[in-house]
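**Student:** This is query-v8.txt (compact mmCIF, C-alpha atoms).
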```txt
# COMPACT_ATOMS: atom_id res chain seq x y z
CA MET A 1 -61.19 39.35 57.94
CA ALA A 2 -63.25 37.10 55.77
CA PRO A 3 -61.85 33.56 55.38
CA ILE A 4 -60.33 32.56 51.99
CA THR A 5 -62.20 29.71 50.39
CA THR A 6 -61.05 27.53 47.49
CA SER A 7 -63.47 25.53 45.47
CA ARG A 8 -62.95 21.89 44.56
CA GLU A 9 -62.89 22.79 40.83
CA GLU A 10 -59.75 24.92 41.30
CA PHE A 11 -57.96 21.99 43.00
CA ASP A 12 -58.89 19.75 40.08
CA GLU A 13 -57.37 22.19 37.52
CA ILE A 14 -53.89 22.23 39.17
CA PRO A 15 -52.84 18.64 38.15
CA THR A 16 -54.00 19.32 34.59
CA VAL A 17 -51.81 22.44 34.29
CA VAL A 18 -48.82 20.62 35.80
CA GLY A 19 -49.25 17.75 33.33
CA ILE A 20 -49.32 20.11 30.35
CA PHE A 21 -46.15 21.90 31.46
CA SER A 22 -44.41 18.53 32.10
CA ALA A 23 -45.27 17.34 28.57
CA PHE A 24 -43.87 20.51 26.99
CA GLY A 25 -40.74 20.22 29.14
CA LEU A 26 -40.20 16.58 28.07
CA VAL A 27 -40.56 17.43 24.36
CA PHE A 28 -38.11 20.33 24.71
CA THR A 29 -35.54 18.12 26.53
CA VAL A 30 -35.69 15.36 23.88
CA SER A 31 -35.33 17.90 21.05
CA LEU A 32 -32.34 19.54 22.74
CA PHE A 33 -30.62 16.16 23.28
CA ALA A 34 -31.14 15.17 19.62
CA TRP A 35 -29.74 18.52 18.43
CA ILE A 36 -26.61 18.14 20.62
CA CYS A 37 -25.99 14.59 19.28
CA CYS A 38 -26.25 15.83 15.66
CA GLN A 39 -23.81 18.63 16.36
CA ARG A 40 -21.27 16.24 17.89
CA LYS A 41 -21.58 13.80 14.98
CA SER A 42 -21.06 16.54 12.40
CA SER A 43 -18.04 17.92 14.27
CA LYS A 44 -16.43 14.45 14.36
CA SER A 45 -16.90 13.96 10.61
CA ASN A 46 -15.14 17.26 9.90
CA LYS A 47 -11.94 16.26 11.68
CA THR A 48 -9.00 15.59 9.38
CA PRO A 49 -7.00 12.40 10.08
CA PRO A 50 -3.27 12.81 10.77
CA TYR A 51 -1.39 12.14 7.52
CA LYS A 52 2.24 11.12 7.34
CA PHE A 53 2.04 12.20 3.74
CA VAL A 54 -0.67 14.12 1.91
CA HIS A 55 -2.76 12.23 -0.64
CA VAL A 56 -4.77 14.47 -2.92
CA LEU A 57 -7.31 13.62 -5.59
CA LYS A 58 -7.62 15.76 -8.73
CA GLY A 59 -4.28 17.46 -8.15
CA VAL A 60 -5.36 19.83 -5.35
CA ASP A 61 -2.35 20.92 -3.29
CA ILE A 62 -2.71 20.65 0.51
CA TYR A 63 0.02 21.58 2.98
CA PRO A 64 0.36 20.87 6.73
CA GLU A 65 -0.83 24.26 7.88
CA ASN A 66 -4.14 23.62 6.13
CA LEU A 67 -4.71 20.26 7.86
CA ASN A 68 -6.94 21.34 10.74
CA SER A 69 -10.54 20.87 11.79
CA LYS A 70 -11.76 23.35 9.18
CA LYS A 71 -12.45 22.22 5.64
CA LYS A 72 -9.92 23.89 3.35
CA PHE A 73 -9.71 21.22 0.65
CA GLY A 74 -9.95 22.74 -2.77
CA ALA A 75 -9.82 26.30 -1.44
CA ASP A 76 -7.32 27.41 -4.06
CA ASP A 77 -9.07 25.81 -7.04
CA LYS A 78 -10.28 29.14 -8.38
CA ASN A 79 -6.82 30.71 -8.11
CA GLU A 80 -5.25 27.79 -9.94
CA VAL A 81 -7.72 28.15 -12.79
CA LYS A 82 -6.98 31.87 -13.11
CA ASN A 83 -3.19 31.38 -13.03
CA LYS A 84 -3.17 28.40 -15.40
CA PRO A 85 -1.83 29.37 -18.83
CA ALA A 86 -4.14 29.00 -21.77
CA VAL A 87 -3.83 25.79 -23.76
CA PRO A 88 -3.53 26.18 -27.52
CA LYS A 89 -6.64 25.13 -29.40
CA ASN A 90 -4.60 22.84 -31.64
CA SER A 91 -3.26 20.69 -28.79
CA LEU A 92 -5.14 18.07 -26.82
CA HIS A 93 -5.52 18.40 -23.07
CA LEU A 94 -7.03 16.45 -20.17
CA ASP A 95 -10.47 17.76 -19.21
CA LEU A 96 -10.82 16.35 -15.68
CA GLU A 97 -14.44 17.48 -15.36
CA LYS A 98 -15.61 15.26 -18.25
CA ARG A 99 -14.67 11.92 -16.72
CA ASP A 100 -17.21 9.22 -15.93
CA LEU A 101 -17.79 7.53 -12.53
CA ASN A 102 -14.80 5.22 -13.02
CA GLY A 103 -12.49 8.15 -13.74
CA ASN A 104 -12.24 7.34 -17.47
CA PHE A 105 -12.35 9.87 -20.27
CA PRO A 106 -15.15 9.59 -22.84
CA LYS A 107 -14.13 8.24 -26.20
CA THR A 108 -13.85 10.84 -28.94
CA ASN A 109 -14.37 10.21 -32.60
CA LEU A 110 -11.09 10.81 -34.35
CA LYS A 111 -11.02 11.66 -37.99
CA PRO A 112 -9.20 9.14 -40.17
CA GLY A 113 -5.61 10.11 -40.60
CA SER A 114 -2.12 8.75 -40.93
CA PRO A 115 -0.64 6.43 -38.28
CA SER A 116 1.94 9.04 -37.39
CA ASP A 117 -0.82 11.40 -36.25
CA LEU A 118 -2.08 8.81 -33.79
CA GLU A 119 1.40 8.12 -32.44
CA ASN A 120 2.14 11.80 -31.90
CA ALA A 121 -1.13 12.33 -30.00
CA THR A 122 0.21 10.76 -26.81
CA PRO A 123 2.78 13.41 -25.82
CA LYS A 124 0.32 16.21 -26.67
CA LEU A 125 -2.03 15.12 -23.93
CA PHE A 126 0.37 16.48 -21.34
CA LEU A 127 1.09 19.97 -22.64
CA GLU A 128 -0.13 21.95 -19.64
CA GLY A 129 2.08 25.02 -19.72
CA GLU A 130 5.36 26.53 -20.80
CA LYS A 131 6.94 26.16 -17.34
CA GLU A 132 6.51 22.38 -17.27
CA ALA A 133 9.46 20.42 -18.57
CA VAL A 134 8.96 17.19 -20.52
CA SER A 135 11.53 14.43 -20.23
CA PRO A 136 13.15 13.45 -23.54
CA ASP A 137 12.87 9.78 -22.59
CA SER A 138 9.11 10.11 -22.24
CA LEU A 139 8.71 10.96 -25.94
CA LYS A 140 10.06 7.68 -27.28
CA SER A 141 8.05 6.44 -30.21
CA SER A 142 6.32 3.10 -29.99
CA THR A 143 7.28 2.31 -33.59
CA SER A 144 10.66 0.99 -32.43
CA LEU A 145 9.05 -1.97 -30.68
CA SER A 146 9.54 -5.32 -32.33
CA SER A 147 6.66 -7.67 -33.07
CA GLU A 148 7.49 -9.81 -30.02
CA GLU A 149 7.56 -6.78 -27.72
CA LYS A 150 4.20 -5.64 -29.04
CA GLN A 151 2.66 -8.98 -28.17
CA GLU A 152 3.96 -8.70 -24.61
CA LYS A 153 3.16 -5.02 -24.23
CA LEU A 154 1.60 -4.36 -20.81
CA GLY A 155 0.59 -0.73 -21.31
CA THR A 156 2.01 2.70 -20.49
CA LEU A 157 2.07 4.62 -17.20
CA PHE A 158 1.76 8.42 -17.20
CA PHE A 159 2.86 10.45 -14.17
CA SER A 160 4.49 13.74 -13.14
CA LEU A 161 7.21 14.71 -10.66
CA GLU A 162 7.67 18.03 -8.88
CA TYR A 163 9.63 19.48 -5.96
CA ASN A 164 8.17 22.36 -3.93
CA PHE A 165 11.15 24.26 -2.52
CA GLU A 166 8.99 26.52 -0.32
CA LYS A 167 7.37 23.57 1.48
CA LYS A 168 10.34 21.18 1.04
CA ALA A 169 7.94 18.64 -0.42
CA PHE A 170 8.39 15.99 -3.12
CA VAL A 171 5.18 15.64 -5.15
CA VAL A 172 4.26 12.64 -7.33
CA ASN A 173 1.09 12.70 -9.42
CA ILE A 174 -0.06 9.38 -10.91
CA LYS A 175 -2.13 10.49 -13.87
CA GLU A 176 -3.26 7.43 -15.78
CA ALA A 177 -2.35 4.13 -17.42
CA ARG A 178 -3.24 3.05 -20.95
CA GLY A 179 -3.45 -0.21 -22.79
CA LEU A 180 -3.43 -2.53 -19.76
CA PRO A 181 -4.00 -6.24 -20.42
CA ALA A 182 -7.22 -7.95 -19.33
CA MET A 183 -6.58 -10.02 -16.21
CA ASP A 184 -10.17 -11.30 -15.92
CA GLU A 185 -10.73 -13.85 -18.68
CA GLN A 186 -14.51 -13.86 -18.27
CA SER A 187 -15.18 -10.12 -18.49
CA MET A 188 -12.01 -9.43 -20.53
CA THR A 189 -11.17 -6.42 -18.37
CA SER A 190 -9.27 -5.50 -15.19
CA ASP A 191 -9.78 -3.67 -11.90
CA PRO A 192 -6.44 -1.81 -11.79
CA TYR A 193 -4.72 0.11 -9.03
CA ILE A 194 -1.10 1.21 -8.46
CA LYS A 195 1.26 0.83 -5.52
CA MET A 196 4.24 3.19 -5.29
CA THR A 197 7.37 2.88 -3.13
CA ILE A 198 10.26 5.32 -2.66
CA LEU A 199 13.54 3.40 -2.71
CA PRO A 200 15.96 2.47 -1.25
CA GLU A 201 14.58 2.84 2.30
CA LYS A 202 11.03 1.73 1.37
CA LYS A 203 9.71 3.93 4.19
CA HIS A 204 7.03 5.54 2.00
CA LYS A 205 4.54 3.07 0.50
CA VAL A 206 1.29 4.38 -0.96
CA LYS A 207 -1.38 3.15 -3.36
CA THR A 208 -4.19 4.54 -5.47
CA ARG A 209 -7.86 3.65 -5.36
CA VAL A 210 -9.18 0.73 -7.43
CA LEU A 211 -10.94 1.60 -10.68
CA ARG A 212 -13.43 -1.03 -11.80
CA LYS A 213 -13.61 -2.71 -15.20
CA THR A 214 -11.26 -0.57 -17.26
CA LEU A 215 -8.06 -1.04 -19.24
CA ASP A 216 -7.35 2.71 -19.42
CA PRO A 217 -7.68 3.92 -15.81
CA ALA A 218 -7.42 7.66 -15.11
CA PHE A 219 -6.32 7.98 -11.47
CA ASP A 220 -5.09 11.59 -11.26
CA GLU A 221 -4.00 11.14 -7.64
CA THR A 222 -1.32 13.26 -6.00
CA PHE A 223 1.00 12.06 -3.22
CA THR A 224 3.02 14.71 -1.35
CA PHE A 225 5.98 13.68 0.80
CA TYR A 226 7.40 16.19 3.28
CA GLY A 227 10.83 16.30 4.87
CA ILE A 228 12.80 15.03 1.84
CA PRO A 229 15.71 17.43 1.10
CA TYR A 230 16.19 18.35 -2.54
CA THR A 231 19.82 17.17 -2.37
CA GLN A 232 18.58 13.69 -1.50
CA ILE A 233 16.22 13.39 -4.47
CA GLN A 234 19.05 12.28 -6.79
CA GLU A 235 19.74 9.27 -4.53
CA LEU A 236 16.15 7.98 -4.63
CA ALA A 237 14.15 5.87 -7.06
CA LEU A 238 10.42 5.34 -7.60
CA HIS A 239 8.98 1.85 -7.94
CA PHE A 240 5.45 1.53 -9.36
CA THR A 241 3.62 -1.81 -9.23
CA ILE A 242 0.49 -2.07 -11.38
CA LEU A 243 -2.03 -4.61 -10.05
CA SER A 244 -5.55 -5.82 -10.74
CA PHE A 245 -7.84 -6.27 -7.74
CA ASP A 246 -9.24 -9.77 -7.19
CA ARG A 247 -11.94 -10.15 -4.56
CA PHE A 248 -11.59 -13.92 -4.14
CA SER A 249 -7.83 -14.48 -4.35
CA ARG A 250 -4.50 -12.70 -4.39
CA ASP A 251 -4.41 -9.60 -6.60
CA ASP A 252 -2.90 -10.12 -10.04
CA ILE A 253 0.37 -8.32 -10.78
CA ILE A 254 0.22 -6.70 -14.22
CA GLY A 255 3.74 -5.25 -14.25
CA GLU A 256 6.05 -2.64 -12.79
CA VAL A 257 7.96 0.56 -13.57
CA LEU A 258 11.26 1.59 -11.95
CA ILE A 259 12.35 5.25 -12.18
CA PRO A 260 15.81 6.18 -10.82
CA LEU A 261 15.75 9.90 -9.98
CA SER A 262 19.47 10.40 -10.60
CA GLY A 263 19.91 12.81 -13.49
CA ILE A 264 16.32 14.10 -13.33
CA GLU A 265 16.33 17.87 -12.74
CA LEU A 266 13.23 19.13 -10.91
CA SER A 267 14.40 22.69 -10.27
CA GLY A 268 12.73 23.91 -13.48
CA GLY A 269 9.22 22.92 -12.42
CA LYS A 270 6.90 19.98 -12.93
CA MET A 271 8.23 17.19 -15.14
CA LEU A 272 5.72 15.08 -17.07
CA MET A 273 6.83 11.55 -17.92
CA ASN A 274 5.56 8.25 -19.27
CA ARG A 275 7.12 4.78 -19.16
CA GLU A 276 6.30 1.41 -20.64
CA ILE A 277 5.10 -1.14 -18.08
CA ILE A 278 7.32 -4.23 -17.96
CA LYS A 279 6.92 -7.68 -16.44
CA ARG A 280 7.78 -7.97 -12.78
CA ASN A 281 11.38 -8.99 -12.28
CA VAL A 282 11.36 -12.46 -10.71
CA ARG A 283 14.42 -13.60 -8.78
CA LYS A 284 16.93 -15.07 -11.20
CA SER A 285 19.24 -16.48 -8.55
CA SER A 286 18.47 -20.01 -7.44
CA GLY A 287 20.04 -19.37 -4.01
CA ARG A 288 17.53 -18.70 -1.25
CA GLY A 289 20.10 -17.89 1.42
CA GLU A 290 20.90 -19.64 4.71
CA LEU A 291 19.35 -19.77 8.18
CA LEU A 292 21.14 -20.42 11.50
CA ILE A 293 18.92 -22.43 13.89
CA SER A 294 19.59 -23.71 17.41
CA LEU A 295 17.48 -26.55 18.89
CA CYS A 296 17.28 -28.15 22.32
CA TYR A 297 14.97 -31.00 23.38
CA GLN A 298 14.12 -31.24 27.08
CA SER A 299 13.02 -34.83 27.65
CA THR A 300 12.11 -34.22 31.31
CA THR A 301 9.65 -31.40 30.59
CA ASN A 302 8.87 -32.67 27.05
CA THR A 303 9.51 -29.25 25.48
CA LEU A 304 11.40 -28.14 22.39
CA THR A 305 13.38 -24.89 22.49
CA VAL A 306 13.91 -23.23 19.10
CA VAL A 307 16.23 -20.24 18.66
CA VAL A 308 16.20 -18.35 15.34
CA LEU A 309 19.67 -16.80 15.33
CA LYS A 310 20.66 -15.39 11.93
CA ALA A 311 19.97 -15.35 8.20
CA ARG A 312 22.54 -14.58 5.52
CA HIS A 313 22.78 -14.13 1.75
CA LEU A 314 19.05 -13.57 1.36
CA PRO A 315 18.16 -12.62 -2.23
CA LYS A 316 16.54 -9.37 -3.26
CA SER A 317 12.78 -9.54 -3.30
CA ASP A 318 12.52 -7.73 -6.67
CA VAL A 319 13.77 -4.55 -8.33
CA SER A 320 12.54 -2.59 -5.31
CA GLY A 321 15.75 -3.54 -3.49
CA LEU A 322 16.59 -5.46 -0.33
CA SER A 323 14.08 -7.59 1.54
CA ASP A 324 12.47 -6.90 4.93
CA PRO A 325 12.81 -10.48 6.25
CA TYR A 326 11.16 -12.21 9.17
CA VAL A 327 10.75 -15.90 10.07
CA LYS A 328 7.60 -17.89 10.78
CA VAL A 329 8.05 -21.08 12.86
CA ASN A 330 5.38 -23.79 12.55
CA LEU A 331 5.30 -26.91 14.75
CA TYR A 332 3.68 -30.02 13.23
CA HIS A 333 2.51 -33.24 14.89
CA ALA A 334 1.68 -36.02 12.40
CA LYS A 335 1.51 -33.46 9.55
CA LYS A 336 -0.95 -31.27 11.48
CA ARG A 337 0.11 -27.82 12.63
CA ILE A 338 -0.35 -27.46 16.36
CA SER A 339 1.55 -24.24 17.10
CA LYS A 340 3.05 -21.23 15.31
CA LYS A 341 5.39 -18.34 16.18
CA LYS A 342 7.12 -15.55 14.28
CA THR A 343 10.06 -13.20 14.72
CA HIS A 344 10.22 -9.44 14.34
CA VAL A 345 10.81 -7.87 10.92
CA LYS A 346 14.34 -6.74 10.06
CA LYS A 347 14.38 -3.83 7.64
CA CYS A 348 16.33 -3.76 4.35
CA THR A 349 19.00 -6.38 4.97
CA PRO A 350 20.18 -9.61 3.31
CA ASN A 351 21.95 -10.64 6.56
CA ALA A 352 19.41 -10.43 9.37
CA VAL A 353 20.17 -11.04 13.07
CA PHE A 354 17.08 -12.23 14.99
CA ASN A 355 18.25 -13.95 18.22
CA GLU A 356 14.68 -14.87 19.20
CA LEU A 357 13.78 -17.89 21.34
CA PHE A 358 10.56 -19.93 21.24
CA VAL A 359 9.51 -22.82 23.52
CA PHE A 360 7.04 -25.41 22.23
CA ASP A 361 5.21 -28.02 24.33
CA ILE A 362 5.40 -31.46 22.73
CA PRO A 363 2.04 -33.32 22.97
CA CYS A 364 3.60 -36.79 22.78
CA GLU A 365 6.58 -38.72 24.08
CA GLY A 366 9.61 -38.34 21.84
CA LEU A 367 10.11 -36.45 18.58
CA GLU A 368 9.34 -39.18 16.04
CA ASP A 369 6.12 -37.56 14.78
CA ILE A 370 7.24 -33.94 15.33
CA SER A 371 8.64 -31.60 12.67
CA VAL A 372 9.40 -27.88 12.58
CA GLU A 373 8.94 -25.68 9.50
CA PHE A 374 10.75 -22.35 9.04
CA LEU A 375 9.43 -19.87 6.47
CA VAL A 376 11.53 -16.78 5.69
CA LEU A 377 9.24 -14.10 4.29
CA ASP A 378 9.59 -10.59 2.91
CA SER A 379 7.32 -8.16 4.76
CA GLU A 380 5.22 -6.07 2.36
CA ARG A 381 2.75 -3.59 3.85
CA GLY A 382 -0.63 -3.65 2.19
CA SER A 383 -0.15 -6.92 0.28
CA ARG A 384 0.53 -10.58 0.83
CA ASN A 385 4.06 -11.31 2.07
CA GLU A 386 6.26 -13.24 -0.33
CA VAL A 387 8.10 -16.38 0.75
CA ILE A 388 11.89 -16.08 0.33
CA GLY A 389 12.81 -19.59 1.41
CA GLN A 390 11.72 -22.63 3.41
CA LEU A 391 13.38 -25.08 5.81
CA VAL A 392 11.94 -28.24 7.42
CA LEU A 393 13.59 -30.05 10.36
CA GLY A 394 12.34 -33.49 11.39
CA ALA A 395 12.98 -37.21 11.39
CA ALA A 396 11.90 -37.50 7.75
CA ALA A 397 13.82 -34.43 6.57
CA GLU A 398 16.71 -34.87 4.14
CA GLY A 399 20.21 -33.40 4.30
CA THR A 400 21.25 -31.15 7.17
CA GLY A 401 17.65 -30.93 8.43
CA GLY A 402 17.55 -34.65 9.21
CA GLU A 403 21.08 -34.67 10.65
CA HIS A 404 20.31 -31.76 12.99
CA TRP A 405 17.13 -33.46 14.19
CA LYS A 406 18.96 -36.74 14.89
CA GLU A 407 21.58 -34.93 16.99
CA ILE A 408 19.04 -33.24 19.29
CA CYS A 409 17.29 -36.59 19.78
CA ASP A 410 20.59 -38.33 20.64
CA TYR A 411 21.77 -35.53 22.94
CA PRO A 412 18.78 -34.12 24.88
CA ARG A 413 19.19 -31.02 27.06
CA ARG A 414 22.00 -29.84 24.78
CA GLN A 415 21.65 -26.70 22.63
CA ILE A 416 22.86 -27.54 19.09
CA ALA A 417 23.13 -24.89 16.36
CA LYS A 418 23.61 -25.40 12.61
CA TRP A 419 23.45 -23.43 9.36
CA HIS A 420 20.86 -24.66 6.86
CA VAL A 421 20.40 -23.80 3.19
CA LEU A 422 16.90 -22.55 2.40
CA CYS A 423 14.93 -24.08 -0.45
CA ASP A 424 12.09 -22.68 -2.55
CA GLY A 425 8.91 -22.14 -0.58
```
Would you encode the structure as structure tokens?

**Tutor:**
Amino acid sequence: MAPITTSREEFDEIPTVVGIFSAFGLVFTVSLFAWICCQRKSSKSNKTPPYKFVHVLKGVDIYPENLNSKKKFGADDKNEVKNKPAVPKNSLHLDLEKRDLNGNFPKTNLKPGSPSDLENATPKLFLEGEKEAVSPDSLKSSTSLSSEEKQEKLGTLFFSLEYNFEKKAFVVNIKEARGLPAMDEQSMTSDPYIKMTILPEKKHKVKTRVLRKTLDPAFDETFTFYGIPYTQIQELALHFTILSFDRFSRDDIIGEVLIPLSGIELSGGKMLMNREIIKRNVRKSSGRGELLISLCYQSTTNTLTVVVLKARHLPKSDVSGLSDPYVKVNLYHAKKRISKKKTHVKKCTPNAVFNELFVFDIPCEGLEDISVEFLVLDSERGSRNEVIGQLVLGAAAEGTGGEHWKEICDYPRRQIAKWHVLCDG
């Protein structure tokens, strides 16, 4: 047989072919990796977070069986439009598709008419169908307000209530607010939003989005609460707090609305209501309550043991009902805070039992320059906690605070407990 010969040119072509195939393979691998990353990112964005309640914009109803990885929001919009009864041409109605970016409705040029025509226009805005019942209280005329009340008028809140018997769900739709006062003196406007709480348990606390630079915000946000029996609705109350967002300090409180649900019948369908916004009810009682504190000074280890035992006769935080108290303990050395502790929150009680012990290391010999501050606060989720009362124990403290401090200095290693009256924080 003749021997097989391979030229040098053929050997030179092999590395070139291998390099070309390697380049194509690298490009294909990078493209495949990028495609997989995009798919994973898009799948994560489609996941629906677990809601304890369902919050819906533009009144779209969503129920638990629809809350899965698939997008079903707004799936029944077309059916709702078909089933919605026709609105008479004479009556006004809310056209949600004609709102601007802030959610406000464009101003319409009204023909000059009598004042009574303008006053009667408000209830007509909410005629959405024959099945929807309108509360008689919501149709009160504003002409009965005195001149003083008109000066202090804080606006009107419009909302609707409904109970879905099939889903056992209580539905609250915050529609809009009108005539809010300007909380920003420079721009003469507000950045309003609304916080809502279901009383008396205060387990459900929700809030709307912030609408910028408007005194007539149109929220149209729906909050659906599941697991509330219809028989329990009569025992509940709704508390709305209207606020103006402030980026640089605590949000301004415009006012509040309290709606007891006793006597409100929701079996006939959706009920449309409006209420005047009133000033927030500030505590009228001068009593702040009392706090039981136990102290023990260990001179050998130079430590101070503080036990927060009980609180009693705490006042109500506001019209929303009982407080959710907890205690902050601050240790001061020469008027400088060097340590801080706090207890757990006790829900809905004026007589809280804490029984929590804290041990502080004293940085100096003796307690002459040491003082302890107790702040009893009302826990409010989503906002700054309000101080119910304050107590200071130390050598310079007056009353029972100074007496208690003197006793623990005279009798070290002895646990001494005393009741103290809280003062304004």

**Student:** Figure out the distance between CA of Lys346 in chain A and CA of Gly289 in chain A, please, to one decimal in Å.

**Tutor:**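 Pair CA of Gly289 in chain A / CA of Lys346 in chain A returns 15.2 Å.
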
**Student:** Please, which residues are within 6 Å of (-8.3, -0.9, -7.0) by the file's coordinates, counting all atoms listed in the file, and could they come as a PyMOL selection string?

**Tutor:** chain A and resi 191-193+209-211+245

**Student:** Suppose we keep C-alpha atoms; can you now write the selection as a compact mmCIF listing (two decimals), keeping the file's coordinate frame?

**Tutor:**
```
# COMPACT_ATOMS: atom_id res chain seq x y z
CA ASP A 191 -9.78 -3.67 -11.90
CA PRO A 192 -6.44 -1.81 -11.79
CA TYR A 193 -4.72 0.11 -9.03
CA ARG A 209 -7.86 3.65 -5.36
CA VAL A 210 -9.18 0.73 -7.43
CA LEU A 211 -10.94 1.60 -10.68
CA PHE A 245 -7.84 -6.27 -7.74
```

**Student:** Quick one: pull the distance between CA of Val18 in chain A and CA of Ala34 in chain A, Å, one decimal.

**Tutor:**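 So the two atoms, CA of Val18 in chain A and CA of Ala34 in chain A, lie 24.6 Å apart.
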
**Student:** Would you mind listing what lies within 8 Å of range 352-367 of chain A as a VMD selection string, with only C-alpha atoms counted and same-chain residues fewer than 4 positions away left out?

**Tutor:** chain A and resid 299 302 to 312 325 331 339 341 343 to 344 346 371 395 409

**Student:** What gap, in Å, lies between CA of Pro181 in chain A and CA of Lys153 in chain A?

**Tutor:**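 CA of Lys153 in chain A lies at a distance of 8.2 Å from CA of Pro181 in chain A.
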
**Student:** Would you pick out the contacts of Val206 in chain A at 7 Å or less, using only C-alpha atoms, so that residues sharing its chain but fewer than 2 positions from it are not included, and give the list as a PDB file with C-alpha atoms, in the frame of the given file?

**Tutor:**
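Final output, saved to result_34.pdb:
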```pdb
ATOM      1  CA  LYS A 195       1.260   0.830  -5.520  1.00  0.00           C
ATOM      2  CA  MET A 196       4.240   3.190  -5.290  1.00  0.00           C
ATOM      3  CA  THR A 197       7.370   2.880  -3.130  1.00  0.00           C
ATOM      4  CA  HIS A 204       7.030   5.540   2.000  1.00  0.00           C
TER       5      HIS A 204
END
```

**Student:** Find, counting only C-alpha atoms, the residue in A:Arg384, A:His239, A:Arg288, A:Lys279 that gets nearest to His313 in chain A.

**Tutor:** A:Arg288

**Student:** From the list A:Leu161, A:Cys38, A:Met188, A:Met183, which residue is nearest Ser267 in chain A when using all atoms listed in the file?

**Tutor:** A:Leu161

**Student:** Give me the residues near range 373-382 of chain A as a list in words, where near means some atom within 6 Å (using all atoms listed in the file) and where sequence neighbours in that chain fewer than 5 positions away do not count.

**Tutor:**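 Here the answer would be Ser323, Asp324, Pro325, Tyr326, Val327, Lys328, Val329, Asn330, Val387, Ile388, Gly389, Gln390, Leu391 and Val392 of chain A.
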
**Student:** For the residues in the current selection, export C-alpha atoms as a PDB file, in the coordinates of the input.

**Tutor:**
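Heads up, here's the output in result-v4.pdb:
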```pdb
ATOM      1  CA  SER A 323      14.080  -7.590   1.540  1.00  0.00           C
ATOM      2  CA  ASP A 324      12.470  -6.900   4.930  1.00  0.00           C
ATOM      3  CA  PRO A 325      12.810 -10.480   6.250  1.00  0.00           C
ATOM      4  CA  TYR A 326      11.160 -12.210   9.170  1.00  0.00           C
ATOM      5  CA  VAL A 327      10.750 -15.900  10.070  1.00  0.00           C
ATOM      6  CA  LYS A 328       7.600 -17.890  10.780  1.00  0.00           C
ATOM      7  CA  VAL A 329       8.050 -21.080  12.860  1.00  0.00           C
ATOM      8  CA  ASN A 330       5.380 -23.790  12.550  1.00  0.00           C
ATOM      9  CA  VAL A 387       8.100 -16.380   0.750  1.00  0.00           C
ATOM     10  CA  ILE A 388      11.890 -16.080   0.330  1.00  0.00           C
ATOM     11  CA  GLY A 389      12.810 -19.590   1.410  1.00  0.00           C
ATOM     12  CA  GLN A 390      11.720 -22.630   3.410  1.00  0.00           C
ATOM     13  CA  LEU A 391      13.380 -25.080   5.810  1.00  0.00           C
ATOM     14  CA  VAL A 392      11.940 -28.240   7.420  1.00  0.00           C
TER      15      VAL A 392
END
```

**Student:** Find the residue from A:Ala334, A:Leu266, A:Val421, A:Met273 that sits nearest to Ser160 in chain A; use only C-alpha atoms when measuring.

**Tutor:** A:Met273

**Student:** Select, from A:Asp216, A:Glu201, A:Glu403, A:Asp424, the residue with the minimum atom-to-atom distance to Gly155 in chain A, counting only C-alpha atoms.

**Tutor:**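 Going through A:Asp216, A:Glu201, A:Glu403, A:Asp424 one by one, the smallest distance to Gly155 in chain A is for A:Asp216.
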
**Student:** Using all atoms listed in the file, which residue out of A:Leu215, A:Lys202, A:Gly269, A:Asp251 lies closest to Ala237 in chain A?

**Tutor:** A:Lys202

**Student:** Quick one: everything within 7 Å of Asn274 in chain A, counting all atoms listed in the file, minus sequence neighbours fewer than 3 positions away in the same chain. Send it as a list in words.

**Tutor:** Ser138, Thr156, Leu157, Phe158 and Phe159 of chain A

**Student:** Within 8 Å of Ile253 in chain A, counting only C-alpha atoms, which residues show up once you throw out same-chain ones fewer than 2 positions away? Write them as a list of chain:residue names, please.

**Tutor:** A:Thr241, A:Ile242, A:Leu243, A:Ser244, A:Asp251, A:Gly255, A:Arg280
